[in-house]
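One structure below.
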Amino acid sequence: MTPIRRRSAGILAATLALATLATACGGSDSTTSSSAADTTAKEAATTTAKRPEVTGTLAASGATFPKAFYEVMIADFKKAQPKATVTYAGGGSGKGRTDLQNQVVDFAGTDGLVKDADKPNYKGGEFFYIPTVAAPITVSYNLDGVDKLNLSSDTIAKIFQRQIKTWDDPAIVAENPDAKAKLTGNITVARRSDGSGTTENFTKFLVKASPTAWNLKSGSTVEWPADTQAGNGNAGVAQIVKDTKGAIGYVDLADAKATGLKRALVKNKAGKFVAPSLEGATASLEGITLNADLSYDPLWADGDKAYPITAPTWIMVYATQTDKVKGETVKEFLHYMLTDGQKVASSVDFAPLPASVIEKALAQLDKIRIPA
Amino acid sequence: MDAPLDFRGKAGIADRLFGFAALAAGTIVLVALGTIAFTTTRRAWPALDAMGFDFITSTRWAPNDEVFGAGAFVYGTLVTSTIALVLAVPVSIGIALFTTQVAPPRWRKPIVYVVDLLAVIPSVVFGLWGILVFSKQVLPVYELLHGWFGGIPVIGALFGETGSGRNFMTAGIVLAVMITPIITSLSREVMDTCPTTDREGAYALGATRWEMIRGAVLPHSRNGLVGAVMLGLGRAMGETIAVALVIGSTVGVSANLFAAGDALPARIANEWGEAEGNWRAALVGLAVALFVITIIVNLAATAVVQRTGERGGRR
Amino acid sequence: MTDTLHDGLADDSSSTDDAPVFVTSDLSVYYGAYRAVRNVSIDIRQNEITSFIGPSGCGKTTVLRCFNRMNDLIVGARVDGSILYRGIDLYGADVSAVEVRRHIGMVFQKPNPLPKSIYDNIAFGPRINGVRKRSELDDIVERSLVRAALWDEVKDRVKASALGLSGGQQQRLCIARTIAVEPDVILMDEPCSALDPIATGRIEELMQELKSDYSIVIVTHNMQQAARVSDRTAFFTVEVNPESDRRTGVLVEFDSTKKMFSNPADERTENYVTGRFG
């Protein structure tokens with residue numbers, strides 16, 4: 001158990017320039033470039049020494065939540081290493097883990113951790129979790145005249161369980177006394193139709209923050225009440241919220257921004273209402289404890305500024321590689337992601353990891369065994 | 001005539017080769033079917049074994065509790081396919097009759113072309129159209145129907161409250177649009193094979209066009225029409241993406257056609273990516289259930305055809 | 001409108017026994033721009049069998065199909081001249097082809113029972129004419145089958161598929177089906193060409209029996225058949241336009257069968273009936 005503390009330093013201007021460049025290339029609509037987020041990444045990434053050339057072709061699948069970031073990484077990595085090729089098929093964390101189990105991919109993206117019971121099924125033996133980025137999950141809503149909405153986890157739990165069905169419910173009004181006049185109408189709850197890491201992290205947050213109020217448990221899909229509305233993917237949920245007056249749903253930050261949704265401030269463990277932002281996510285990462293296998297839980301984290309629904313994501317890779325070229329390429333790709341890659345994370349609405357986590361992750365990379 | 005007569009012929013080997021190839025092709029189909037049934041059942045076994053008969057009868061699907069009941073999805077598949085058939089069959093047969101029996105010849109080609117064009121539209125397009133356009137615009141119609149029929153006993157249960165445009169009815173309608181070209185196309189083909197002599201026979205007895213159709217074209221095409229409907233039904237039951245987008249993805253059994261639900265293939269598509277272990281096995285189990293239902297429905301249809309065939313015309 | 005046709009017929013048929021059933025004057029049939037038959041004038045008499053003979057392509061079937069407006073079903077087909085059926089212009093503006101066919105039945109070259117049971121084949125006509133009562137239909141079916149000399153062969157299996165019958169039986173079923181709607185005229189388009197001699201014989205016998213109640217027009221390729229069964233014979237032939245190579249059917253001669261086969265007026269007829277042509 002290693003507590004992580006942020007050390008702040010860095011060259012803001014250079015980072016901003018880089019982020020802007022990436023934005024221009026990626027065509028994303030990023031606007032945030034917080035000093036807190038960028039400086040942590042910057043610091044870890046200062047060691048841009050000449051890297052060895054790699055030539056492998058990698059196939060990967062898994063979580064869709066960080067896919068936007070990985071796609072940027074793959075494109076940038078191609079520029080740095082023209083002879084290497086990486087494809088990331090997405091498909092979901094479960095698919096990624098199953099594919100890695102059966103050794104049909106070279107690495108896998110996952111939003112969740114492997115159950116101990118499943119570990120013996122991994123045909124390649126021991127594997128490492130390499131944390132890559134984190135991102136806030138927003139609670140977005142559609143309510144005319146209410147630009148600022150405060151919600152506690154208990155209220156969110158009751159809304160998503162359909163115990164609170166109208167916006168003028170006392171629980172909501174109590175948290176938003178100033179908006180009382182505008183809190184009217186029925187609530188429409190939007191949630192995912194597909195199994196999803198977003199759902200898993202959102203429900204894990206509710207289990208952790210409101211263990212008594214929330215009783216649907218957690219998982220990549222849960223037993224939603226029948227009168228909730230299902231959307232496919234973050235974009236699908238965002239669309240329902242956008243189209244429906246009085247709707248509320250959980251959506252990742254990138255899609256919430258792209259759809260132009262209003263995003264609720266969520267009460268964190270310290271009792272403060274915090275808006276979903278990369279800064280809030282980074283603040284959550286500062287309060288975490290990193291386990292020996294580099295798993296960690298940034299949900300419901302300590303800290304005044306911590307946004308409480310911050311989702312982690314990892315890349316899983318076998319500790320013992322069987323192919324020299326591929327092994328070197330995996331290592332190099334992950335190295336790239338943990339160093340130069342961190343600088344562009346915010347351009348696609350992902351929070352870079354704190355330097356201390358990067359340090360541990362790089363150390364873990366060094367432990368990957370590659371045949372001579 | 002000096003050459004000795006040789007009646008052995010060269011057709012012997014070719015015929016035998018052809019016979020062998022045909023047999024092999026037939027066998028491959030059976031083997032493939034058997035292999036699919038076996039391997040899917042085997043992969044689904046952990047979940048089927050754990051759930052037992054509840055896998056089909058239970059309507060609770062809770063992966064985080066390791067409870068897998070396919071009942072709600074079986075129900076959703078049957079309900080949406082039924083809606084699709086009820087809507088698509090009359091329309092398809094109507095279009096087929098129109099193009100083969102009624103429309104002036106120079107209209108036939110354009111109509112056939114347009115209908116066939118519907119058949120090549122990828123299902124995801126139908127799904128997106130369903131979710132972005134249709135499900136929203138149809139909502140007032142649902143509310144109207146609810147207002148008209150909601151209060152009637154028994155029938156009213158079908159026309160309950162509507163939450164969103166994503167429900168059994170929308171899925172059924174989208175499926176109907178998708179299967180109409182298939183049923184139309186095949187119906188048209190069989191109706192076209194109705195001999196002119198049969199049609200003239202009916203006309204010569206003083207039949208109007210409709211009486212001729214009922215007397216000659218429909219009896220003649222009956223088997224083919226049942227086949228066309230079965231193929232349409234097969235597509236409706238197996239359709240995944242379009243249904244996944246518009247059915248509402250809710251685990252529930254409701255007589256209300258305006259309630260959200262889910263269907264077997266849609267659930268598989270929605271959860272496959274995140275599923276592991278028994279959950280994954282249970283999803284494969286849904287596929288097995290779909291397989292079995294399809295076979296049952298087809299056997300039932302064949303039985304119906306044979307029974308009416310004995311009563312009716314065909315030998 | 002259909003009823004007026006019907007009423008008009010009833011009056012005429014009872015009063016004018018000697019008047020021809022059909023009076024065809026200067027009939028030409030076109031398929032699009034192509035003239036298939038030209039200038040046919042012919043009278044068909046009541047309770048007689050009239051046969052049309054002639055080589056292939058001479059237009060005899062085309063003319064026959066004008067008598068019950070079957071040519072209407074062919075796109076582009078058009079008729080010039082007139083056919084009066086008991087005084088009514090068959091191609092008149094307010095005459096319905098459907099109603100015409102209820103009075104003028106037709107038996108085709110190839111037996112064409114509908115893919116239904118024997119019973120339903122015969123009941124089809126009466127049903128579309130509005131007969132609904134079971135007992136009445138049973139009566140009609142039995143009467144028609146008896147009249148067509150098929151009853152004894154099929155009485156135990158009238159609910160079986162009509163497609164299970166032999167070719168000759170099927171053709172007699174088609175005749176029974178035609179009788180069932182109680183037409184005035186029966187048109188037969190080479191009704192025996194798909195049948196063996198025994199079945200042909202039975203159909204010919206049947207025609208002789210039916211003659212007392214119906215007027216019959218038969219197209220046949222078989223000159224012996226025409227000579228055996230018919231009272232009058234019309235001989236058609238083909239004219240070939242040397243410039244366009246277009247073939248047009250014309251009526252050569254129409255007279256009593258006896259005269260046509262023994263002492264025809266036209267040389268072309270003589271050549272044909274003696275087997276020197278066609």
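Ordering of the structure tokens sets the chain letters (A, B, ...), residue numbers begin anew at 1 in every chain, and ligands are numbered from 1 in the order given.
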Helix (DSSP H, G or I) residues, from DSSP on the backbone, in stretch 165-368 of chain A, as an MDAnalysis selection string: chainID A and resid 170:175 177:182 197:209 233:243 253:259 278:286 324:338 340:348 355:366
Interface list for chain A, partner chain B, 6 Å threshold, only C-alpha atoms, as a PDB file with N, CA and C atoms, in the first residue's frame:
```pdb
ATOM      1  N   GLY A  91     -14.803  -3.503 -27.736  1.00  0.00           N
ATOM      2  CA  GLY A  91     -15.623  -4.693 -27.528  1.00  0.00           C
ATOM      3  C   GLY A  91     -16.071  -4.892 -26.100  1.00  0.00           C
ATOM      4  N   GLY A  92     -15.448  -4.190 -25.170  1.00  0.00           N
ATOM      5  CA  GLY A  92     -15.853  -4.315 -23.773  1.00  0.00           C
ATOM      6  C   GLY A  92     -14.777  -4.959 -22.922  1.00  0.00           C
ATOM      7  N   SER A  93     -14.788  -4.601 -21.645  1.00  0.00           N
ATOM      8  CA  SER A  93     -13.765  -5.127 -20.742  1.00  0.00           C
ATOM      9  C   SER A  93     -13.803  -6.641 -20.657  1.00  0.00           C
ATOM     10  N   GLY A  94     -15.035  -7.181 -20.592  1.00  0.00           N
ATOM     11  CA  GLY A  94     -15.174  -8.636 -20.482  1.00  0.00           C
ATOM     12  C   GLY A  94     -14.572  -9.335 -21.680  1.00  0.00           C
ATOM     13  N   LYS A  95     -14.822  -8.766 -22.850  1.00  0.00           N
ATOM     14  CA  LYS A  95     -14.264  -9.356 -24.068  1.00  0.00           C
ATOM     15  C   LYS A  95     -12.743  -9.275 -24.029  1.00  0.00           C
ATOM     16  N   SER A 193     -27.987   0.420 -22.097  1.00  0.00           N
ATOM     17  CA  SER A 193     -28.633  -0.833 -22.509  1.00  0.00           C
ATOM     18  C   SER A 193     -27.595  -1.948 -22.609  1.00  0.00           C
ATOM     19  N   ASP A 194     -26.372  -1.575 -22.878  1.00  0.00           N
ATOM     20  CA  ASP A 194     -25.301  -2.559 -23.036  1.00  0.00           C
ATOM     21  C   ASP A 194     -24.513  -2.690 -21.745  1.00  0.00           C
ATOM     22  N   GLY A 195     -23.881  -3.833 -21.588  1.00  0.00           N
ATOM     23  CA  GLY A 195     -22.990  -4.000 -20.463  1.00  0.00           C
ATOM     24  C   GLY A 195     -21.837  -3.024 -20.606  1.00  0.00           C
ATOM     25  N   GLY A 219     -22.172  -3.727 -11.076  1.00  0.00           N
ATOM     26  CA  GLY A 219     -21.823  -4.646 -12.149  1.00  0.00           C
ATOM     27  C   GLY A 219     -21.895  -3.904 -13.452  1.00  0.00           C
ATOM     28  N   ALA A 226     -37.953  -1.214 -14.423  1.00  0.00           N
ATOM     29  CA  ALA A 226     -38.471  -1.301 -15.784  1.00  0.00           C
ATOM     30  C   ALA A 226     -38.772   0.059 -16.395  1.00  0.00           C
ATOM     31  N   ALA A 230     -33.252   2.960 -21.650  1.00  0.00           N
ATOM     32  CA  ALA A 230     -31.937   2.432 -21.978  1.00  0.00           C
ATOM     33  C   ALA A 230     -31.388   3.070 -23.245  1.00  0.00           C
TER      34      ALA A 230
END
```
DSSP on the backbone: what in stretch 179-266 of chain C comes out strand (DSSP E), as number ranges by chain? C: 185-189, 215-219, 232-240, 247-256
Counting only C-alpha atoms, a student should be able to say which residues of chain C come within 9 Å of chain B; what is the right answer, written as number ranges by chain? C: 68, 70, 73, 75, 97-118, 120-121, 124-126, 128-129, 159-164, 174, 177-178, 181
Show which residues sit within 9 Å of C:Gly59, as a ChimeraX atom specification. Count only C-alpha atoms, and ignore same-chain residues fewer than 5 positions away. /C:29,36-38,54,64,236-238,248-251
What's around stretch 140-152 of chain A at 7 Å? Count only C-alpha atoms, leave out sequence neighbours fewer than 3 positions away in its own chain, and write the answer as a list in words.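 Counting only C-alpha atoms, the residues come to Thr155, Ile156, Glu175, Asn176, Ala179, Lys182, Val241, Lys242, Thr244, Lys245, Gly246, Ala247, Ile248, Gly249, Tyr250, Val251, Ala256, Leu261, Lys262, Arg263, Ala264, Leu265, Val266, Lys267 and Phe273 of chain A.
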The distance between atom CA of C:Asp94 and atom CA of C:Asn39 is 24.0 Å
